[in-house]
Amino acid sequence: MSIKLVAIDLDGTLLNSKHEVSEENKQAIRKAKEQGVKIVLVTGRPLKAMLHILEACNLTEPGDIALTYNGGLVQWTETGESIRQITFQKEDALDIYQLSQDLALPCNFIDLDVVHAPPYPIGKPSLYPEVMHALPFEPIDMMDLPELFPVNKIVYCWHQEELDQKIKEIPAIYRERYNLIKSRPQLLEFMPKSIDKGKGLDLLSEILDIKVSDMMAIGDQENDLAMVLRAGTGVAMENAIDLVKEAAQIITKTNDQHGVGYAIEKYVLN
């Protein structure tokens, strides 16, 4: 087994339950990087919301790359410069917003710099401000959307029990048009159909000239499933959902037991 790149999810994977990177995980990442293994953090977050994690792992040097927005955006971490980007357009935003109104769920549009807040259903303000702290929230009038309105992802953020019930009511045609991913219990993300973390590994393969078969991917949630399946070596955290565990070739320790570091030490460094 020759692993040249390790793709690592953040929440529930690299980060422990205190939302920190343990020293054990940092050391394993540092050792792998010193041996020439590419370490890529893969997340639904924007780059600005993970800079402190990248810095803690020494992953903001020239040549370091991150996959953000669930694989829809590839960026140099040192500068934030975009390498590849796939976005929604105005008609998609209008379509997904109308669905949110039909379901009585709050909706937000996220681009590189801002979380747009269109009018929410009465009495149902978005819970996304509890999740997203790195980008400012700005109100937007749906009647005034510009013709050029590139959006990296669209989210419904609401209480889990009601959100899960509403997800069951989403017509099948929306799943045909878009990728729908639960990334947290209270968060449903809409991505362009051509985006998921697995396809993000294909982009990395093109950019870095590393075969996907020479990649390891480590994750725990539904939005990690595509990359765990796509990578040559798929790793599930012990705390992962069953779907990811069933897809993985390896199950490592939990995120509170430095499972990322354990997997790197055992299967990459050795």
# chains A, B, ... in the order shown; residues from 1 in each chain; ligands from 1

call {"tool": "select_by_dssp", "arguments": {"residues": "segment 2-228 of chain A", "states": "alpha helix (DSSP H)", "output": "ChimeraX atom specification"}}
result
/A:23-34,51-56,90-103,160-168,172-177,197-208,225-228

call {"tool": "select_by_dssp", "arguments": {"residues": "segment 83-258 of chain A", "states": "strand (DSSP E)", "output": "PyMOL selection string"}}
result
chain A and resi 83-85+107-110+115-117+137-139+153-157+178-184+187-192+215-219+233-236+250-251

call {"tool": "closest_residue", "arguments": {"among": "A:Ala247, A:Ala217, A:Leu145, A:Ala134", "to": "Ala117 of chain A", "atoms": "only C-alpha atoms"}}
result
A:Leu145

call {"tool": "residues_around", "arguments": {"residues": "Leu47 of chain A", "least_positions_apart": "4", "cutoff": "9 Å", "atoms": "only C-alpha atoms", "output": "list in words"}}
result
Thr43, Leu51, Ala66, Leu67, Thr68, Tyr69, Gln75, Thr77, Gly80, Leu112 and Ala134 of chain A

call {"tool": "write_last_selection", "arguments": {"atoms": "N, CA and C atoms", "output": "compact mmCIF listing (two decimals), in the first residue's frame"}}
result
# COMPACT_ATOMS: atom_id res chain seq x y z
N THR A 43 -13.68 19.68 3.47
CA THR A 43 -14.75 20.15 4.35
C THR A 43 -15.86 20.83 3.57
N LEU A 51 -9.08 28.28 8.65
CA LEU A 51 -7.69 28.75 8.63
C LEU A 51 -6.95 28.40 9.91
N ALA A 66 -6.45 22.89 -0.07
CA ALA A 66 -7.63 22.45 0.68
C ALA A 66 -8.79 22.27 -0.29
N LEU A 67 -9.66 21.32 0.04
CA LEU A 67 -10.91 21.11 -0.68
C LEU A 67 -12.03 21.65 0.19
N THR A 68 -12.67 22.72 -0.22
CA THR A 68 -13.73 23.32 0.57
C THR A 68 -15.08 23.15 -0.13
N TYR A 69 -16.15 23.53 0.57
CA TYR A 69 -17.51 23.40 0.04
C TYR A 69 -17.76 22.00 -0.51
N GLN A 75 -8.51 25.21 -3.35
CA GLN A 75 -7.79 26.45 -3.10
C GLN A 75 -6.38 26.21 -2.57
N THR A 77 -3.95 27.08 0.12
CA THR A 77 -4.22 27.55 1.48
C THR A 77 -3.38 28.74 1.87
N GLY A 80 -5.30 31.56 -0.45
CA GLY A 80 -6.75 31.52 -0.64
C GLY A 80 -7.16 31.52 -2.09
N LEU A 112 -17.97 32.86 -1.41
CA LEU A 112 -16.64 32.86 -0.81
C LEU A 112 -16.54 33.80 0.38
N ALA A 134 -17.48 32.29 10.63
CA ALA A 134 -16.35 32.89 9.91
C ALA A 134 -16.78 33.91 8.87

call {"tool": "residues_around", "arguments": {"residues": "Val212 of chain A", "least_positions_apart": "5", "cutoff": "10 Å", "atoms": "only C-alpha atoms", "output": "number ranges by chain"}}
result
A: 3-5, 198, 201-206, 217, 227, 230-233

call {"tool": "write_last_selection", "arguments": {"atoms": "C-alpha atoms", "output": "PDB file, in the first residue's frame"}}
result
ATOM      1  CA  ILE A   3      -0.363   6.301  -0.045  1.00  0.00           C
ATOM      2  CA  LYS A   4       0.688   9.626  -1.542  1.00  0.00           C
ATOM      3  CA  LEU A   5      -2.242  11.787  -0.382  1.00  0.00           C
ATOM      4  CA  GLY A 198     -15.374  11.919  -4.062  1.00  0.00           C
ATOM      5  CA  LEU A 201     -10.541  13.655  -5.094  1.00  0.00           C
ATOM      6  CA  ASP A 202     -10.699  13.382  -8.893  1.00  0.00           C
ATOM      7  CA  LEU A 203      -9.971  17.116  -9.134  1.00  0.00           C
ATOM      8  CA  LEU A 204      -6.989  16.692  -6.801  1.00  0.00           C
ATOM      9  CA  SER A 205      -5.785  13.820  -8.962  1.00  0.00           C
ATOM     10  CA  GLU A 206      -5.793  16.072 -12.034  1.00  0.00           C
ATOM     11  CA  ALA A 217      -9.736   9.357   2.668  1.00  0.00           C
ATOM     12  CA  MET A 227     -14.645  10.155  -0.856  1.00  0.00           C
ATOM     13  CA  ARG A 230     -13.666   6.786  -4.144  1.00  0.00           C
ATOM     14  CA  ALA A 231     -10.241   6.699  -2.496  1.00  0.00           C
ATOM     15  CA  GLY A 232      -7.921   3.745  -2.898  1.00  0.00           C
ATOM     16  CA  THR A 233      -8.024   3.409   0.886  1.00  0.00           C
TER      17      THR A 233
END

call {"tool": "closest_residue", "arguments": {"among": "A:Leu99, A:Ser22, A:Asp9, A:Asp209", "to": "Ala236 of chain A", "atoms": "only C-alpha atoms"}}
result
A:Asp9

call {"tool": "residues_around", "arguments": {"residues": "segment 158-175 of chain A", "least_positions_apart": "2", "cutoff": "8 Å", "atoms": "only C-alpha atoms", "output": "number ranges by chain"}}
result
A: 99, 103, 105-106, 126-128, 156, 177-180, 185-187

call {"tool": "residues_around", "arguments": {"residues": "segment 137-144 of chain A", "least_positions_apart": "3", "cutoff": "9 Å", "atoms": "only C-alpha atoms", "output": "PyMOL selection string"}}
result
chain A and resi 94+97+114-119+129

call {"tool": "closest_residue", "arguments": {"among": "A:Leu15, A:Ala104, A:Ile181, A:Val40", "to": "Val74 of chain A", "atoms": "only C-alpha atoms"}}
result
A:Val40

call {"tool": "closest_residue", "arguments": {"among": "A:Glu78, A:Asp196, A:Glu61, A:Asp92", "to": "Asn223 of chain A", "atoms": "only C-alpha atoms"}}
result
A:Asp196

call {"tool": "closest_residue", "arguments": {"among": "A:Lys153, A:Lys38, A:Lys26, A:Lys211", "to": "Ile96 of chain A", "atoms": "only C-alpha atoms"}}
result
A:Lys153
